[in-house]
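Undergrad: Below are the structure tokens for one structure; questions will follow.
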Amino acid sequence: MPLDLAPGLIDIHCHLLHGLDDGPPTLEASSHMCALAQAAGTVAVIATPHANHRFAFDPQKARERCERLQQRVSPPLRLFTGCELEVSLETLPKAFGNGENHRSHTLNGSRYLLLELMPAGMPANVEGVLARMLDRGLTPVVAHPERNAHLQRHPERLAAWVQRGCLAQLTAGSLTGRRGRRVQTAAAELLRRRVAHFVASDAHDPIRRPPLLREAYRLVASELSPELAELLFVWNPRAVLEDREIRAWPAF
């Protein structure tokens, strides 16, 4: 269903909710992050606390904290919920056990599921895990693949996942160099291969990892094309919120 959103950037990966993971510790810090995001042109954020071996994800608690935070946020910023699900033997059964709602962990209840790979390695049988999700009508969105050491060396593996129906989300700070030269180079390579579909903040706090998208948006618009920037920061993220199909890359 179409949402009534103001024109602007949309962030589909942001650790915005206080006390649920390694994001902001207080409601005040969450409010500060919202103010920063809005000042930088963001009009909608999907709050995505970790769902991993360290942080248990409770969809109801996330919704309650999101609603409480929304009450403190000035219009037009809109907040939604999801999670960042770690691909591991421990977390996947909790998300897809018998009787579970397969969309309980997705982005705004859509078909799109944000997945986290650990930076240093690659889970065994990851292709089988992705195939199982696709068979259930879910669309895996691989979070920050440019930060995974294996995919840095083998970007063709991510390209193969995309060929099968998966998507990929780059981090704004990776594109602008905030995550270091190696990660920046890897992000640029994924753009060159056209296997990136979203750019998000992956913000965790107001200071070290703030929810800022505008600098990366301007970089993509100036170095690649304004149409691609709109696709990665606005159109495809909005398609996630509204549970619609994403668009293909523009010609440039």
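Residues are named by chain letter and number: chains run A, B, ... in the order of the structure tokens, numbers start at 1 in each chain, and ligands are numbered from 1 in the order shown.
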Among the residues of stretch 168-200 of chain A, find those DSSP assigns to strand (DSSP E or B) from the backbone and print them as a ChimeraX atom specification.
TA: /A:168-171,198-200
Undergrad: Using N, CA, C and O atoms, can you write the selected residues to a file as a compact mmCIF listing (two decimals), in the first residue's frame?
TA:
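What ended up in again.txt:
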```txt
# COMPACT_ATOMS: atom_id res chain seq x y z
N ALA A 168 21.35 -6.50 -2.30
CA ALA A 168 22.48 -6.09 -1.47
C ALA A 168 22.33 -4.63 -1.06
O ALA A 168 21.89 -3.80 -1.85
N GLN A 169 22.72 -4.35 0.18
CA GLN A 169 22.66 -3.00 0.74
C GLN A 169 24.05 -2.53 1.14
O GLN A 169 24.71 -3.15 1.98
N LEU A 170 24.52 -1.47 0.52
CA LEU A 170 25.79 -0.86 0.89
C LEU A 170 25.57 0.15 2.02
O LEU A 170 24.46 0.65 2.22
N THR A 171 26.66 0.45 2.73
CA THR A 171 26.59 1.42 3.81
C THR A 171 27.12 2.77 3.31
O THR A 171 28.13 2.84 2.61
N PHE A 198 20.52 -0.86 -2.56
CA PHE A 198 20.17 0.13 -1.55
C PHE A 198 21.46 0.69 -0.95
O PHE A 198 22.48 0.00 -0.90
N VAL A 199 21.38 1.93 -0.46
CA VAL A 199 22.41 2.47 0.43
C VAL A 199 21.70 2.92 1.70
O VAL A 199 20.69 3.62 1.64
N ALA A 200 22.22 2.48 2.84
CA ALA A 200 21.62 2.81 4.13
C ALA A 200 22.72 3.25 5.09
O ALA A 200 23.91 3.14 4.79
```
Undergrad: Assign secondary structure with DSSP using the backbone only, and return the residues of stretch 58-252 of chain A in helix (DSSP H, G or I) as a ChimeraX atom specification.
TA: /A:59-70,92-96,107-109,126-135,145-147,149-153,155-164,172-176,181-192,214-223,226-241
Undergrad: Go ahead and dump the residues you just picked, C-alpha atoms, as a PDB file, in the first residue's frame.
TA:
```
ATOM      1  CA  PRO A  59       9.291  -7.854  17.344  1.00  0.00           C
ATOM      2  CA  GLN A  60       6.660  -6.601  19.778  1.00  0.00           C
ATOM      3  CA  LYS A  61       9.179  -4.788  21.955  1.00  0.00           C
ATOM      4  CA  ALA A  62      10.728  -3.209  18.868  1.00  0.00           C
ATOM      5  CA  ARG A  63       7.320  -1.940  17.729  1.00  0.00           C
ATOM      6  CA  GLU A  64       6.549  -0.516  21.169  1.00  0.00           C
ATOM      7  CA  ARG A  65       9.855   1.365  21.347  1.00  0.00           C
ATOM      8  CA  CYS A  66       9.432   2.585  17.792  1.00  0.00           C
ATOM      9  CA  GLU A  67       5.962   3.966  18.598  1.00  0.00           C
ATOM     10  CA  ARG A  68       7.302   5.681  21.714  1.00  0.00           C
ATOM     11  CA  LEU A  69      10.128   7.249  19.733  1.00  0.00           C
ATOM     12  CA  GLN A  70       7.775   8.335  16.947  1.00  0.00           C
ATOM     13  CA  LEU A  92      17.765 -18.750  11.881  1.00  0.00           C
ATOM     14  CA  PRO A  93      15.595 -21.345  13.700  1.00  0.00           C
ATOM     15  CA  LYS A  94      14.296 -18.598  15.989  1.00  0.00           C
ATOM     16  CA  ALA A  95      13.170 -16.590  12.993  1.00  0.00           C
ATOM     17  CA  PHE A  96      11.791 -19.514  10.963  1.00  0.00           C
ATOM     18  CA  LEU A 107      11.550  -4.930   7.028  1.00  0.00           C
ATOM     19  CA  ASN A 108       8.180  -3.328   7.828  1.00  0.00           C
ATOM     20  CA  GLY A 109       6.472  -6.713   7.446  1.00  0.00           C
ATOM     21  CA  VAL A 126      24.890 -20.023   2.883  1.00  0.00           C
ATOM     22  CA  GLU A 127      23.521 -20.710  -0.607  1.00  0.00           C
ATOM     23  CA  GLY A 128      21.144 -23.269   0.865  1.00  0.00           C
ATOM     24  CA  VAL A 129      19.963 -20.769   3.494  1.00  0.00           C
ATOM     25  CA  LEU A 130      19.324 -18.113   0.867  1.00  0.00           C
ATOM     26  CA  ALA A 131      17.510 -20.599  -1.363  1.00  0.00           C
ATOM     27  CA  ARG A 132      15.250 -21.625   1.528  1.00  0.00           C
ATOM     28  CA  MET A 133      14.300 -17.997   2.145  1.00  0.00           C
ATOM     29  CA  LEU A 134      13.596 -17.401  -1.528  1.00  0.00           C
ATOM     30  CA  ASP A 135      11.435 -20.539  -1.626  1.00  0.00           C
ATOM     31  CA  PRO A 145      28.608  -7.019   1.807  1.00  0.00           C
ATOM     32  CA  GLU A 146      31.515  -4.643   1.140  1.00  0.00           C
ATOM     33  CA  ARG A 147      32.631  -5.194   4.755  1.00  0.00           C
ATOM     34  CA  ALA A 149      36.342 -10.198   3.931  1.00  0.00           C
ATOM     35  CA  HIS A 150      35.265 -13.144   1.774  1.00  0.00           C
ATOM     36  CA  LEU A 151      33.050 -11.038  -0.504  1.00  0.00           C
ATOM     37  CA  GLN A 152      35.786  -8.411  -0.793  1.00  0.00           C
ATOM     38  CA  ARG A 153      37.947 -11.131  -2.388  1.00  0.00           C
ATOM     39  CA  PRO A 155      32.483 -10.237  -5.334  1.00  0.00           C
ATOM     40  CA  GLU A 156      31.373 -12.672  -8.026  1.00  0.00           C
ATOM     41  CA  ARG A 157      29.802 -14.792  -5.284  1.00  0.00           C
ATOM     42  CA  LEU A 158      27.501 -11.942  -4.302  1.00  0.00           C
ATOM     43  CA  ALA A 159      26.740 -11.403  -7.992  1.00  0.00           C
ATOM     44  CA  ALA A 160      25.636 -15.049  -8.207  1.00  0.00           C
ATOM     45  CA  TRP A 161      23.291 -14.555  -5.243  1.00  0.00           C
ATOM     46  CA  VAL A 162      21.815 -11.508  -6.932  1.00  0.00           C
ATOM     47  CA  GLN A 163      21.261 -13.540 -10.083  1.00  0.00           C
ATOM     48  CA  ARG A 164      19.151 -15.923  -7.991  1.00  0.00           C
ATOM     49  CA  ALA A 172      26.786   5.175   3.231  1.00  0.00           C
ATOM     50  CA  GLY A 173      29.994   5.465   5.259  1.00  0.00           C
ATOM     51  CA  SER A 174      31.635   2.793   3.114  1.00  0.00           C
ATOM     52  CA  LEU A 175      31.082   4.855  -0.025  1.00  0.00           C
ATOM     53  CA  THR A 176      32.409   8.052   1.532  1.00  0.00           C
ATOM     54  CA  ARG A 181      40.084   2.462   1.949  1.00  0.00           C
ATOM     55  CA  ARG A 182      39.650  -1.292   1.536  1.00  0.00           C
ATOM     56  CA  VAL A 183      35.928  -1.162   2.321  1.00  0.00           C
ATOM     57  CA  GLN A 184      35.478   1.891   0.092  1.00  0.00           C
ATOM     58  CA  THR A 185      37.176   0.082  -2.794  1.00  0.00           C
ATOM     59  CA  ALA A 186      34.983  -2.981  -2.260  1.00  0.00           C
ATOM     60  CA  ALA A 187      31.836  -0.843  -2.248  1.00  0.00           C
ATOM     61  CA  ALA A 188      32.887   0.857  -5.477  1.00  0.00           C
ATOM     62  CA  GLU A 189      33.498  -2.546  -7.077  1.00  0.00           C
ATOM     63  CA  LEU A 190      29.988  -3.724  -6.170  1.00  0.00           C
ATOM     64  CA  LEU A 191      28.575  -0.585  -7.735  1.00  0.00           C
ATOM     65  CA  ARG A 192      30.671  -1.205 -10.832  1.00  0.00           C
ATOM     66  CA  ARG A 214      23.199  12.969   2.229  1.00  0.00           C
ATOM     67  CA  GLU A 215      26.973  12.921   1.616  1.00  0.00           C
ATOM     68  CA  ALA A 216      26.849   9.447   0.074  1.00  0.00           C
ATOM     69  CA  TYR A 217      23.789  10.386  -1.978  1.00  0.00           C
ATOM     70  CA  ARG A 218      25.615  13.388  -3.432  1.00  0.00           C
ATOM     71  CA  LEU A 219      28.688  11.266  -4.155  1.00  0.00           C
ATOM     72  CA  VAL A 220      26.690   8.690  -6.117  1.00  0.00           C
ATOM     73  CA  ALA A 221      24.763  11.413  -7.948  1.00  0.00           C
ATOM     74  CA  SER A 222      27.919  13.279  -8.982  1.00  0.00           C
ATOM     75  CA  GLU A 223      30.252  10.346  -9.759  1.00  0.00           C
ATOM     76  CA  PRO A 226      21.428  11.325 -10.239  1.00  0.00           C
ATOM     77  CA  GLU A 227      19.070   8.580 -11.422  1.00  0.00           C
ATOM     78  CA  LEU A 228      21.136   5.905  -9.682  1.00  0.00           C
ATOM     79  CA  ALA A 229      21.249   7.951  -6.486  1.00  0.00           C
ATOM     80  CA  GLU A 230      17.451   8.198  -6.526  1.00  0.00           C
ATOM     81  CA  LEU A 231      17.200   4.458  -7.075  1.00  0.00           C
ATOM     82  CA  LEU A 232      19.511   3.482  -4.202  1.00  0.00           C
ATOM     83  CA  PHE A 233      18.456   6.068  -1.620  1.00  0.00           C
ATOM     84  CA  VAL A 234      14.779   6.736  -2.451  1.00  0.00           C
ATOM     85  CA  TRP A 235      12.950   4.509  -4.911  1.00  0.00           C
ATOM     86  CA  ASN A 236      14.128   1.035  -3.865  1.00  0.00           C
ATOM     87  CA  PRO A 237      13.963   1.817  -0.119  1.00  0.00           C
ATOM     88  CA  ARG A 238      10.402   3.053  -0.615  1.00  0.00           C
ATOM     89  CA  ALA A 239       9.585  -0.165  -2.496  1.00  0.00           C
ATOM     90  CA  VAL A 240      10.705  -2.076   0.602  1.00  0.00           C
ATOM     91  CA  LEU A 241       8.457  -0.007   2.869  1.00  0.00           C
TER      92      LEU A 241
END
```
Undergrad: Do you have the atom CA of A:Val141-atom CA of A:His197 distance handy?
TA: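 About the pair atom CA of A:Val141 and atom CA of A:His197: they are 8.8 Å apart.
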Undergrad: Excluding A:Leu36 and residues on its chain fewer than 2 positions from it, collect all residues at most 8 Å away from it, counting only C-alpha atoms, and give them as a VMD selection string.
TA: chain A and resid 32 to 34 38 to 40 206 210 to 212
Undergrad: Using only C-alpha atoms, which of A:Gly82, A:Gln71, A:Ala120, A:Gly137 sits nearest A:His102?
TA: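 Using only C-alpha atoms, the shortest distance to A:His102 belongs to A:Gly137.
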